[in-house]
file input31.cif (mmCIF, C-alpha atoms and all ligand atoms)
data_run
loop_
_atom_site.label_atom_id
_atom_site.label_comp_id
_atom_site.auth_asym_id
_atom_site.auth_seq_id
_atom_site.Cartn_x
_atom_site.Cartn_y
_atom_site.Cartn_z
CA MET A 1 136.62 178.57 23.49
CA LEU A 2 134.63 178.03 26.69
CA GLU A 3 131.70 176.96 24.52
CA SER A 4 133.72 174.33 22.66
CA LEU A 5 135.21 173.08 25.94
CA ARG A 6 131.72 172.78 27.39
CA SER A 7 130.59 170.78 24.37
CA VAL A 8 133.16 168.04 25.05
CA VAL A 9 133.43 168.05 28.85
CA ARG A 10 130.70 166.28 30.80
CA LEU A 11 131.03 166.57 34.55
CA LYS A 12 130.28 163.29 36.28
CA SER A 13 127.92 163.66 39.26
CA PHE A 14 129.60 162.94 42.59
CA GLU A 15 128.50 159.64 44.20
CA THR A 16 127.58 160.53 47.77
CA ASP A 17 127.15 156.93 49.00
CA ALA A 18 130.60 155.77 50.16
CA VAL A 19 130.00 152.07 49.44
CA ALA A 20 128.68 152.77 45.94
CA ARG A 21 131.65 155.07 45.36
CA ARG A 22 134.13 152.40 46.43
CA LEU A 23 132.43 149.70 44.39
CA GLY A 24 132.22 152.03 41.41
CA SER A 25 135.99 152.37 41.47
CA ALA A 26 136.57 148.58 41.59
CA ALA A 27 137.00 147.39 38.02
CA ASN A 28 137.98 143.85 39.00
CA VAL A 29 138.62 141.47 41.91
CA ASP A 30 142.13 142.77 42.41
CA ASP A 31 140.77 146.31 42.95
CA LEU A 32 138.29 144.96 45.51
CA ARG A 33 141.12 143.15 47.24
CA ARG A 34 143.09 146.41 47.52
CA ILE A 35 140.10 148.28 48.95
CA ALA A 36 139.39 145.43 51.40
CA LYS A 37 143.00 145.63 52.54
CA ARG A 38 142.53 149.30 53.43
CA LYS A 39 139.27 148.59 55.30
CA LEU A 40 140.17 145.53 57.38
CA PRO A 41 142.63 145.20 60.28
CA ALA A 42 145.80 143.63 58.89
CA GLY A 43 145.33 140.35 60.79
CA VAL A 44 141.78 139.95 59.48
CA PHE A 45 142.80 140.77 55.91
CA ASP A 46 145.69 138.30 56.07
CA TYR A 47 143.47 135.56 57.48
CA ILE A 48 141.22 135.91 54.41
CA ASP A 49 143.89 136.64 51.83
CA GLY A 50 146.70 134.33 52.90
CA GLY A 51 147.74 130.82 51.98
CA ALA A 52 149.87 128.05 53.46
CA GLU A 53 153.65 128.25 53.96
CA ASP A 54 155.33 130.00 50.99
CA GLU A 55 151.95 130.54 49.30
CA MET A 56 153.21 128.74 46.20
CA ALA A 57 150.01 126.77 45.66
CA MET A 58 148.02 129.97 45.90
CA ALA A 59 150.26 131.72 43.37
CA ARG A 60 150.26 128.69 41.05
CA ASN A 61 146.47 128.48 41.12
CA ALA A 62 146.34 131.99 39.64
CA SER A 63 149.34 131.85 37.32
CA ARG A 64 148.28 128.60 35.64
CA PHE A 65 144.93 130.16 34.77
CA ALA A 66 146.83 133.06 33.22
CA ASP A 67 149.03 130.64 31.22
CA ARG A 68 146.03 129.21 29.39
CA THR A 69 144.82 130.97 26.28
CA LEU A 70 141.60 130.65 24.34
CA VAL A 71 141.22 130.08 20.61
CA PRO A 72 138.49 132.54 19.67
CA ARG A 73 136.22 131.90 16.69
CA VAL A 74 134.77 134.96 15.00
CA LEU A 75 131.82 135.93 12.78
CA ARG A 76 129.49 133.56 14.58
CA ASN A 77 126.52 135.77 15.48
CA VAL A 78 126.93 136.17 19.20
CA GLY A 79 124.02 138.59 19.59
CA GLU A 80 122.39 136.36 22.24
CA VAL A 81 124.66 134.70 24.78
CA ASP A 82 123.20 132.38 27.43
CA ALA A 83 125.50 131.40 30.33
CA SER A 84 122.87 129.35 32.15
CA CYS A 85 123.69 125.74 32.94
CA LYS A 86 122.63 122.77 35.03
CA ILE A 87 124.42 122.07 38.30
CA LEU A 88 123.28 118.96 40.20
CA GLY A 89 120.19 118.79 38.04
CA ARG A 90 118.99 122.33 38.69
CA ARG A 91 119.30 125.22 36.20
CA HIS A 92 121.42 128.14 37.34
CA LYS A 93 122.18 131.48 35.77
CA MET A 94 125.89 130.76 35.32
CA PRO A 95 128.41 127.99 36.07
CA LEU A 96 129.59 129.49 39.35
CA ILE A 97 129.16 128.45 43.00
CA LEU A 98 129.99 130.41 46.14
CA ALA A 99 132.55 128.26 47.96
CA PRO A 100 132.20 127.68 51.71
CA THR A 101 134.23 130.05 53.85
CA GLY A 102 134.53 129.97 57.61
CA PHE A 103 134.16 133.06 59.78
CA PRO A 104 132.81 135.46 57.08
CA ARG A 105 131.35 137.88 59.64
CA ILE A 106 134.91 138.84 60.39
CA ALA A 107 134.86 140.59 56.99
CA HIS A 108 131.46 142.24 57.43
CA PRO A 109 128.76 141.94 60.10
CA ASP A 110 126.15 140.80 57.55
CA GLY A 111 128.33 137.77 56.73
CA GLU A 112 126.42 134.85 55.27
CA LEU A 113 123.09 136.70 55.24
CA ALA A 114 124.61 138.99 52.61
CA THR A 115 126.43 136.30 50.64
CA ALA A 116 123.52 133.84 50.61
CA GLY A 117 121.06 136.60 49.64
CA SER A 118 123.29 137.77 46.83
CA ALA A 119 123.82 134.22 45.53
CA ALA A 120 120.02 133.69 45.47
CA ASP A 121 119.50 136.96 43.59
CA HIS A 122 122.13 135.93 41.04
CA GLY A 123 120.84 132.40 40.57
CA VAL A 124 123.94 130.56 41.79
CA PRO A 125 124.35 128.04 44.65
CA PHE A 126 125.61 129.27 48.00
CA THR A 127 127.60 126.95 50.26
CA LEU A 128 127.39 127.51 54.02
CA SER A 129 130.47 126.40 55.97
CA THR A 130 130.29 124.23 59.08
CA MET A 131 132.48 126.97 60.51
CA GLY A 132 129.91 129.56 59.45
CA THR A 133 128.94 132.50 61.59
CA ARG A 134 125.23 132.35 60.74
CA SER A 135 123.21 129.23 61.28
CA ILE A 136 121.62 126.93 58.73
CA GLU A 137 118.20 128.24 59.80
CA GLU A 138 119.18 131.92 59.58
CA VAL A 139 120.52 131.39 56.06
CA ALA A 140 117.37 129.51 55.01
CA ASP A 141 115.32 132.50 56.23
CA VAL A 142 117.02 134.91 53.82
CA SER A 143 117.50 132.68 50.80
CA ALA A 144 115.04 130.77 48.69
CA GLY A 145 117.87 129.99 46.26
CA SER A 146 120.07 126.89 46.02
CA LYS A 147 121.81 126.26 49.32
CA TRP A 148 124.48 123.68 50.02
CA PHE A 149 125.95 122.82 53.41
CA GLN A 150 129.66 122.11 53.80
CA VAL A 151 130.62 119.37 56.25
CA TYR A 152 133.95 118.48 57.76
CA VAL A 153 134.59 114.89 58.76
CA TRP A 154 134.61 115.56 62.50
CA ARG A 155 135.23 113.32 65.47
CA ASP A 156 131.85 114.07 67.04
CA LYS A 157 129.52 112.15 64.73
CA ALA A 158 126.38 113.10 66.68
CA LEU A 159 127.17 116.74 66.00
CA VAL A 160 127.72 116.12 62.29
CA LYS A 161 124.51 114.11 62.05
CA ASP A 162 122.52 116.83 63.78
CA MET A 163 123.83 119.47 61.37
CA LEU A 164 122.91 117.25 58.42
CA ASP A 165 119.38 116.81 59.81
CA ARG A 166 119.02 120.56 60.24
CA ALA A 167 120.29 121.23 56.71
CA ARG A 168 117.77 118.75 55.27
CA GLU A 169 114.91 120.24 57.32
CA SER A 170 115.89 123.74 56.14
CA GLY A 171 115.77 122.85 52.45
CA PHE A 172 119.49 122.66 51.71
CA GLU A 173 119.84 120.74 48.44
CA ALA A 174 123.31 119.23 48.68
CA ILE A 175 126.22 118.78 51.02
CA CYS A 176 129.83 119.44 50.27
CA ILE A 177 132.20 117.17 52.23
CA THR A 178 135.59 118.82 52.60
CA ILE A 179 138.34 116.22 52.62
CA ASP A 180 141.58 118.21 52.37
CA THR A 181 141.76 119.10 56.05
CA ALA A 182 142.95 115.95 57.85
CA VAL A 183 145.19 118.44 59.64
CA LEU A 184 145.28 122.20 59.24
CA GLY A 185 147.71 123.84 56.83
CA ARG A 186 150.30 126.19 58.28
CA ARG A 187 149.28 129.71 57.31
CA GLU A 188 152.35 131.69 58.10
CA ARG A 189 150.77 135.14 57.84
CA ASP A 190 148.48 134.04 60.69
CA VAL A 191 151.47 132.70 62.62
CA ARG A 192 153.27 136.05 62.29
CA ARG A 193 150.18 138.00 63.32
CA GLY A 194 149.43 135.66 66.19
CA MET A 195 146.09 134.92 64.55
CA ALA A 196 145.15 131.42 65.62
CA MET A 197 143.08 129.21 63.38
CA PRO A 198 140.19 129.51 63.84
CA PRO A 199 140.96 133.18 64.46
CA LYS A 200 140.88 134.68 67.88
CA LEU A 201 140.72 138.44 68.05
CA GLY A 202 143.35 139.60 70.47
CA LEU A 203 144.23 143.02 71.81
CA ASP A 204 146.66 143.53 68.94
CA THR A 205 143.80 143.16 66.45
CA PHE A 206 142.07 146.04 68.17
CA VAL A 207 145.21 148.15 68.55
CA GLU A 208 145.86 147.67 64.88
CA GLY A 209 142.13 148.18 64.37
CA ALA A 210 142.44 151.71 65.73
CA LEU A 211 143.61 152.47 62.22
CA ARG A 212 140.36 150.93 60.95
CA PRO A 213 137.76 152.50 63.26
CA GLY A 214 134.90 151.66 60.88
CA TRP A 215 135.60 147.93 61.18
CA VAL A 216 136.05 148.07 64.98
CA TRP A 217 132.78 150.01 65.42
CA GLU A 218 130.86 147.48 63.29
CA PHE A 219 132.49 144.59 65.15
CA LEU A 220 131.58 145.98 68.57
CA ARG A 221 128.00 147.00 67.84
CA ASN A 222 126.96 143.73 66.17
CA ASP A 223 126.15 140.26 67.55
CA PRO A 224 129.22 138.42 68.81
CA ILE A 225 130.81 136.29 66.11
CA ILE A 226 130.43 132.62 66.94
CA PHE A 227 130.35 129.35 65.03
CA SER A 228 126.56 129.44 64.85
CA ASN A 229 126.04 125.98 63.39
CA VAL A 230 128.07 124.31 66.09
CA ALA A 231 126.36 126.43 68.74
CA VAL A 232 122.81 125.53 67.59
CA SER A 233 123.57 121.79 67.35
CA GLY A 234 125.41 121.94 70.67
CA LYS A 235 122.30 123.33 72.35
CA ARG A 236 120.05 120.76 70.66
CA LEU A 237 122.30 117.90 71.76
CA GLY A 238 122.82 119.34 75.21
CA GLY A 239 126.61 119.20 74.89
CA ASN A 240 128.73 121.44 77.08
CA PHE A 241 131.05 122.37 74.22
CA ALA A 242 128.92 124.96 72.52
CA ASP A 243 126.99 127.29 74.72
CA GLY A 244 127.42 129.92 72.05
CA THR A 245 128.56 132.59 74.47
CA SER A 246 132.26 132.43 73.79
CA ALA A 247 133.83 132.41 70.36
CA VAL A 248 137.09 131.23 71.85
CA SER A 249 135.74 128.14 73.59
CA LEU A 250 133.88 127.22 70.44
CA ALA A 251 137.03 127.78 68.42
CA GLU A 252 139.05 125.48 70.62
CA PHE A 253 136.36 122.86 70.49
CA THR A 254 136.23 123.12 66.71
CA VAL A 255 139.97 122.67 66.29
CA GLU A 256 139.82 119.52 68.42
CA GLN A 257 137.18 118.17 66.07
CA PHE A 258 139.41 117.79 63.00
CA ASP A 259 140.11 114.09 62.65
CA PRO A 260 143.41 113.01 61.07
CA GLY A 261 142.00 109.48 60.99
CA LEU A 262 139.43 110.39 58.35
CA SER A 263 138.97 107.92 55.52
CA TRP A 264 136.61 106.90 52.71
CA ASP A 265 134.52 105.07 55.33
CA ASP A 266 133.73 108.40 56.97
CA VAL A 267 132.59 109.78 53.61
CA GLU A 268 130.30 106.77 53.19
CA TRP A 269 128.91 107.28 56.69
CA ILE A 270 128.11 110.94 55.97
CA ARG A 271 126.51 110.00 52.63
CA SER A 272 124.31 107.44 54.34
CA GLN A 273 123.20 109.97 56.95
CA TRP A 274 122.43 112.63 54.33
CA GLY A 275 120.76 110.63 51.60
CA GLY A 276 120.97 113.41 48.99
CA PRO A 277 123.49 114.78 46.48
CA VAL A 278 127.10 115.00 47.67
CA VAL A 279 129.99 117.14 46.44
CA LEU A 280 133.41 115.87 47.51
CA LYS A 281 135.60 118.96 47.90
CA GLY A 282 139.36 118.81 48.01
CA VAL A 283 140.07 116.11 45.43
CA GLN A 284 143.54 116.70 44.00
CA SER A 285 144.36 113.61 41.96
CA VAL A 286 142.89 111.49 39.19
CA ALA A 287 143.14 108.44 41.46
CA ASP A 288 140.91 109.97 44.15
CA ALA A 289 138.50 111.37 41.56
CA LYS A 290 138.09 107.81 40.24
CA ILE A 291 137.36 106.37 43.69
CA ALA A 292 134.75 109.09 44.22
CA ALA A 293 133.13 108.60 40.83
CA ASP A 294 133.12 104.80 41.14
CA SER A 295 131.36 105.07 44.48
CA GLY A 296 128.59 107.10 42.86
CA ILE A 297 129.36 110.50 44.38
CA GLU A 298 127.45 113.14 42.43
CA ALA A 299 130.27 115.69 42.08
CA VAL A 300 133.94 116.19 42.81
CA ALA A 301 135.30 119.65 43.54
CA LEU A 302 138.95 119.86 42.55
CA SER A 303 140.39 122.14 45.19
CA ASN A 304 143.48 122.77 47.26
CA HIS A 305 141.48 124.98 49.63
CA GLY A 306 142.68 128.07 47.77
CA GLY A 307 146.29 127.14 48.56
CA ARG A 308 145.61 127.17 52.31
CA GLN A 309 146.46 123.53 53.02
CA LEU A 310 149.25 121.63 51.17
CA ASP A 311 151.55 124.23 49.66
CA SER A 312 153.03 121.75 47.18
CA SER A 313 149.67 120.78 45.75
CA PRO A 314 149.01 121.03 42.01
CA ALA A 315 147.52 124.10 40.38
CA ILE A 316 143.83 123.30 40.19
CA ILE A 317 143.31 124.19 36.54
CA ASP A 318 146.00 121.61 35.64
CA LEU A 319 143.88 118.86 37.19
CA VAL A 320 140.73 119.57 35.23
CA SER A 321 141.41 117.86 31.90
CA PRO A 322 143.05 114.70 33.35
CA VAL A 323 140.15 114.30 35.78
CA ALA A 324 137.60 115.01 33.03
CA ASP A 325 139.24 112.36 30.84
CA ALA A 326 139.02 109.84 33.69
CA VAL A 327 135.56 110.52 35.16
CA GLY A 328 133.80 113.17 33.04
CA GLY A 329 130.21 112.12 32.39
CA GLN A 330 130.31 109.82 35.42
CA THR A 331 130.29 112.61 38.01
CA GLU A 332 130.11 116.40 37.81
CA ILE A 333 133.41 118.24 38.09
CA TYR A 334 133.85 121.62 39.79
CA CYS A 335 137.09 123.41 40.53
CA ASP A 336 138.26 126.30 42.65
CA GLY A 337 141.43 128.16 43.53
CA GLY A 338 142.46 131.31 41.66
CA VAL A 339 139.19 131.82 39.75
CA ARG A 340 139.16 135.60 39.44
CA ARG A 341 137.37 136.39 36.18
CA GLY A 342 134.70 135.14 33.85
CA SER A 343 137.43 134.07 31.43
CA ASP A 344 138.85 131.72 34.11
CA VAL A 345 135.45 130.05 34.35
CA VAL A 346 135.25 129.64 30.57
CA LYS A 347 138.76 128.13 30.52
CA ALA A 348 137.86 125.62 33.25
CA LEU A 349 134.70 124.64 31.39
CA ALA A 350 136.62 124.26 28.12
CA LEU A 351 138.96 121.83 29.88
CA GLY A 352 136.05 119.74 31.15
CA ALA A 353 134.67 121.29 34.36
CA ASN A 354 130.91 121.74 34.85
CA ALA A 355 131.28 124.80 37.08
CA CYS A 356 133.76 126.79 39.16
CA MET A 357 133.62 127.73 42.80
CA MET A 358 135.23 130.86 44.23
CA GLY A 359 136.11 131.91 47.75
CA ARG A 360 138.21 135.01 48.32
CA PRO A 361 136.61 137.20 45.61
CA HIS A 362 133.24 137.17 47.33
CA LEU A 363 134.87 137.81 50.72
CA TYR A 364 136.69 140.88 49.34
CA GLY A 365 133.35 142.11 47.97
CA LEU A 366 131.66 141.39 51.31
CA ALA A 367 134.36 143.33 53.18
CA VAL A 368 134.06 146.34 50.89
CA GLY A 369 130.30 146.63 50.67
CA GLY A 370 128.32 143.87 52.43
CA LYS A 371 125.65 142.45 50.11
CA ALA A 372 126.22 145.22 47.54
CA GLY A 373 129.86 144.13 47.38
CA VAL A 374 128.98 140.49 46.77
CA ASP A 375 126.44 141.62 44.15
CA HIS A 376 129.25 143.57 42.49
CA VAL A 377 131.45 140.46 42.34
CA LEU A 378 128.69 138.25 40.97
CA ASP A 379 127.71 140.86 38.34
CA PHE A 380 131.38 141.08 37.38
CA PHE A 381 131.58 137.29 36.91
CA GLN A 382 128.27 137.08 35.03
CA SER A 383 129.23 139.80 32.56
CA GLY A 384 132.77 138.41 32.30
CA ILE A 385 131.55 134.91 31.43
CA GLU A 386 129.10 136.27 28.85
CA ARG A 387 131.66 138.63 27.30
CA THR A 388 134.31 135.90 27.10
CA MET A 389 131.78 133.58 25.46
CA ALA A 390 130.84 136.27 22.91
CA LEU A 391 134.47 137.12 22.13
CA SER A 392 135.25 133.41 21.75
CA GLY A 393 132.35 132.81 19.39
CA VAL A 394 130.10 130.64 21.59
CA THR A 395 126.56 131.44 22.64
CA SER A 396 125.72 128.62 25.06
CA ILE A 397 127.56 126.66 27.75
CA SER A 398 127.14 123.41 25.81
CA GLU A 399 129.25 124.87 22.96
CA ILE A 400 132.25 125.36 25.26
CA ASP A 401 134.67 122.51 24.63
CA ARG A 402 138.36 121.80 24.23
CA ASN A 403 138.48 123.34 20.75
CA LEU A 404 138.36 126.61 22.64
CA ILE A 405 141.64 125.99 24.49
CA GLU A 406 145.01 126.51 22.88
CA GLY A 407 147.06 123.33 22.73
CA PHE A 408 144.23 120.79 22.55
C1 LIG B 1 138.90 132.82 54.54
C2 LIG B 1 138.63 131.47 53.97
C3 LIG B 1 137.94 130.53 54.73
C4 LIG B 1 137.67 129.26 54.19
N1 LIG B 1 136.92 128.38 54.93
C5 LIG B 1 136.57 127.20 54.39
C6 LIG B 1 135.70 126.32 55.08
O1 LIG B 1 135.23 126.61 56.18
N2 LIG B 1 135.40 125.13 54.49
C7 LIG B 1 135.89 124.77 53.26
O2 LIG B 1 135.58 123.70 52.75
N3 LIG B 1 136.71 125.61 52.58
C8 LIG B 1 137.04 126.80 53.10
N4 LIG B 1 137.84 127.66 52.38
C9 LIG B 1 138.27 127.30 51.02
C10 LIG B 1 137.25 127.76 49.98
O3 LIG B 1 136.06 127.01 50.07
C11 LIG B 1 137.78 127.61 48.55
O4 LIG B 1 138.21 126.28 48.35
C12 LIG B 1 138.92 128.56 48.23
O5 LIG B 1 138.69 129.83 48.81
C13 LIG B 1 139.05 128.69 46.72
O6 LIG B 1 140.11 129.50 46.37
P1 LIG B 1 139.99 131.07 46.03
O7 LIG B 1 139.88 131.76 47.36
O8 LIG B 1 141.27 131.36 45.31
O9 LIG B 1 138.76 131.27 45.19
C14 LIG B 1 138.12 128.93 52.89
C15 LIG B 1 138.83 129.87 52.15
C16 LIG B 1 139.08 131.12 52.67
C17 LIG B 1 139.83 132.13 51.83
#
call {"tool": "encode", "arguments": {"input": "input31.cif", "output": "C-alpha cells"}}
result
Amino acid sequence: MLESLRSVVRLKSFETDAVARRLGSAANVDDLRRIAKRKLPAGVFDYIDGGAEDEMAMARNASRFADRTLVPRVLRNVGEVDASCKILGRRHKMPLILAPTGFPRIAHPDGELATAGSAADHGVPFTLSTMGTRSIEEVADVSAGSKWFQVYVWRDKALVKDMLDRARESGFEAICITIDTAVLGRRERDVRRGMAMPPKLGLDTFVEGALRPGWVWEFLRNDPIIFSNVAVSGKRLGGNFADGTSAVSLAEFTVEQFDPGLSWDDVEWIRSQWGGPVVLKGVQSVADAKIAADSGIEAVALSNHGGRQLDSSPAIIDLVSPVADAVGGQTEIYCDGGVRRGSDVVKALALGANACMMGRPHLYGLAVGGKAGVDHVLDFFQSGIERTMALSGVTSISEIDRNLIEGF
C-alpha cells in the first residue's frame, strides 16, 4: 500500500525564499492585492487601493469589464500566438503600458527603479509620474526600454518646462498629460485614515505599522521618500520650494500646484515645449476625444484615474467603442481603470483600443515582491493575453476586432 501511495504522491519542495513563496501562491491580481494588504500599513494600502467617494467609478470600471463576453472561434490553428503590437510607432511585446502612479516607494523602497526595470524587461512602456519618488535621471539609468513622462498642468510653468527638458535629455519618448485633476478627488478612505493627499506619514501610520514591522524597517533604513522630480528641478531652478529634504514641504508645494484654471491652451503650451509624441490621459467623453484628435494629439488615454477623481464618471470600457467610432485611426486610443487580466486587454482591443494601461496591479506586485512582484504581474498579463487570444481563435493583435465581442 505504501508503495502504491508513493507512486502517486509527489512531495513538492519547500520554497525557502519568502518573496518567491508569496508570489508562487498568487494566482491572479486579486491574490496579490490580498497579500499586499497583509504587508502594508492600512493607511498605505488604502491610499493605493482606494477610490473617490463611494468608489462607484472604481467598482464600475471592473464590473463593466466582467459584463463583456467574447465570441470565441475554434479550430483555427493557434499554435503560434503573437501579442506584439505597435504603440506610438514602436513595437512592444504586448498592448500594455504601466500607468503613472505617484509615491510608489511607499509600497516598496525600490519603487520606480523596480517598475521601470521590469517594464523594460517585458518590452512595455513605463510611465514615470511627476509625483514620482525617483527622478527622471535615476529611471533612465536603470531602463533602456520605452519611457514616458507624465505631466500635470501645473501653475509653475518654469518647473514643468524644466521637467520636460530633463525628460527629453534622458531619452524619454513621450509625455502623458494628465487632465482629469483640475481639483483632487475626495478619497474617503484617506480622509478616515487622516492620510492627506499627497500622503503624509503620521505617527498613526507607524503605530499601525507596528503590526507590519517589515514595512517600517524598510521605510526607515532607505532613502527618505520625496517627490524626486520636483526636487531635482527645484534645485536646478534655484526655487525655495523643493530643497528635497522634507517630503511634507514638497507635498504641500505640490498640492498648491494643481491649477483649476487649466484649459486646452495649457495642453497646447505643453505640446509646444515638448515637441514629441503626446498622450492625453483622462479623456472621458467622445467630445473631448474629438477635440484632442482634431488638434493632432498622438494618443488619448480614456481614464477616470482608476476611479480616484469623479466618482460618477463612466466605466472606461464603455467609452472605448464610441470613441473608436469617432476618432479611431486618427489618434491612438488607450484605456485604463479595472484592467486586471489579459482577457480585459483583449476585450478593450476588440472594442477599438490600441493598448491598455494599468495602475494598481503593478503596485500590488511591487508591494509584495519589489521587481520580482512587478515581473510576476507582467508575466501574468502576457500569458493571459496570449491564452485569451488562443482560446478566442486569433493569433495576432491585428486579428482582434469587434467580431470577437458579443453584441457587435
Ligand atoms: C496609488 C495611485 C497613484 C496614482 N498616481 C497618478 C499620478 O501621479 N498621475 C496620473 O496621471 N495618474 C495616477 N494614478 C492613476 C493611474 O495612472 C491609472 O489611471 C489608474 O491607476 C488606472 O486604474 P487601475 O488602478 O484600476 O488600473 C494613480 C493611481 C493610483 C492607484
call {"tool": "residues_near_ligand", "arguments": {"input": "input31.cif", "ligand": "ligand LIG 1 (chain B)", "cutoff": "9 Å", "atoms": "all atoms listed in the file", "output": "MDAnalysis selection string"}}
result
chainID A and resid 45:51 58 61:62 98:104 127:132 150:152 176:181 281:282 301:308 335:340 357:363
call {"tool": "residues_around", "arguments": {"input": "input31.cif", "residues": "stretch 383-394 of chain A", "least_positions_apart": "2", "cutoff": "7 Å", "atoms": "all atoms listed in the file", "output": "count of residues only"}}
result
19
call {"tool": "atom_distance", "arguments": {"input": "input31.cif", "atom1": "atom CA of A:Arg64", "atom2": "atom CA of A:Ala315"}}
result
6.6 Å
call {"tool": "residues_near_point", "arguments": {"input": "input31.cif", "point": "(144.2, 121.1, 36.8)", "cutoff": "9 Å", "atoms": "only C-alpha atoms", "output": "list in words"}}
result
Asn61, Arg64, Gln284, Leu302, Pro314, Ala315, Ile316, Ile317, Asp318, Leu319, Val320, Ser321, Pro322, Val323, Cys335, Ala348 and Leu351 of chain A
call {"tool": "atom_distance", "arguments": {"input": "input31.cif", "atom1": "atom CA of A:Lys12", "atom2": "atom CA of A:Lys37"}}
result
27.2 Å
call {"tool": "closest_residue", "arguments": {"input": "input31.cif", "among": "A:Val327, A:Leu404, A:Tyr364, A:Met163", "to": "A:Arg38", "atoms": "all atoms listed in the file"}}
result
A:Tyr364
call {"tool": "residues_around", "arguments": {"input": "input31.cif", "residues": "A:Lys371", "least_positions_apart": "2", "cutoff": "10 Å", "atoms": "only C-alpha atoms", "output": "NGL selection string"}}
result
:A and (108 or 110-119 or 362 or 365-369 or 373-377)
call {"tool": "closest_residue", "arguments": {"input": "input31.cif", "among": "A:Glu218, A:Glu298, A:Asp67, A:Asp82", "to": "A:Leu280", "atoms": "only C-alpha atoms"}}
result
A:Glu298
call {"tool": "residues_around", "arguments": {"input": "input31.cif", "residues": "A:Asp204", "least_positions_apart": "6", "cutoff": "9 Å", "atoms": "only C-alpha atoms", "output": "JSON, numbers by chain"}}
result
{"A": [43, 193, 194]}
call {"tool": "write_last_selection", "arguments": {"input": "input31.cif", "atoms": "C-alpha atoms", "output": "PDB file, keeping the file's coordinate frame"}}
result
ATOM      1  CA  GLY A  43     145.330 140.350  60.790  1.00  0.00           C
ATOM      2  CA  ARG A 193     150.180 138.000  63.320  1.00  0.00           C
ATOM      3  CA  GLY A 194     149.430 135.660  66.190  1.00  0.00           C
TER       4      GLY A 194
END
call {"tool": "axis_aligned_box", "arguments": {"input": "input31.cif", "around": "stretch 156-163 of chain A", "padding_each_side": "8 Å", "output": "AutoDock Vina command-line options"}}
result
--center_x 127.2 --center_y 115.8 --center_z 64.2 --size_x 25.3 --size_y 23.3 --size_z 21.7
call {"tool": "atom_distance", "arguments": {"input": "input31.cif", "atom1": "atom CA of A:Leu184", "atom2": "atom CA of A:Ala289"}}
result
21.8 Å
call {"tool": "closest_residue", "arguments": {"input": "input31.cif", "among": "A:Thr16, A:Thr331, A:Asn229, A:Ser7", "to": "A:Ala292", "atoms": "all atoms listed in the file"}}
result
A:Thr331
call {"tool": "closest_residue", "arguments": {"input": "input31.cif", "among": "A:Leu310, A:Leu203, A:Val8, A:Ile405", "to": "A:Ala182", "atoms": "only C-alpha atoms"}}
result
A:Leu310
call {"tool": "residues_near_point", "arguments": {"input": "input31.cif", "point": "(123.0, 127.8, 61.4)", "cutoff": "8 Å", "atoms": "all atoms listed in the file", "output": "ChimeraX atom specification"}}
result
/A:132-139,228-230,232
call {"tool": "residues_around", "arguments": {"input": "input31.cif", "residues": "A:Trp154", "least_positions_apart": "5", "cutoff": "8 Å", "atoms": "all atoms listed in the file", "output": "PDB file with C-alpha atoms, keeping the file's coordinate frame"}}
result
ATOM      1  CA  VAL A 160     127.720 116.120  62.290  1.00  0.00           C
ATOM      2  CA  GLN A 257     137.180 118.170  66.070  1.00  0.00           C
ATOM      3  CA  PHE A 258     139.410 117.790  63.000  1.00  0.00           C
ATOM      4  CA  ASP A 259     140.110 114.090  62.650  1.00  0.00           C
TER       5      ASP A 259
END
call {"tool": "closest_residue", "arguments": {"input": "input31.cif", "among": "A:Ala42, A:Gly145, A:Arg90, A:Gly275", "to": "A:Arg189", "atoms": "only C-alpha atoms"}}
result
A:Ala42
call {"tool": "residues_around", "arguments": {"input": "input31.cif", "residues": "A:Gly123", "least_positions_apart": "6", "cutoff": "9 Å", "atoms": "only C-alpha atoms", "output": "list in words"}}
result
Arg91, His92, Lys93, Met94, Gly145 and Ser146 of chain A
call {"tool": "closest_residue", "arguments": {"input": "input31.cif", "among": "A:Leu262, A:Ala20, A:Ile175, A:Ile97", "to": "A:Gly370", "atoms": "only C-alpha atoms"}}
result
A:Ala20
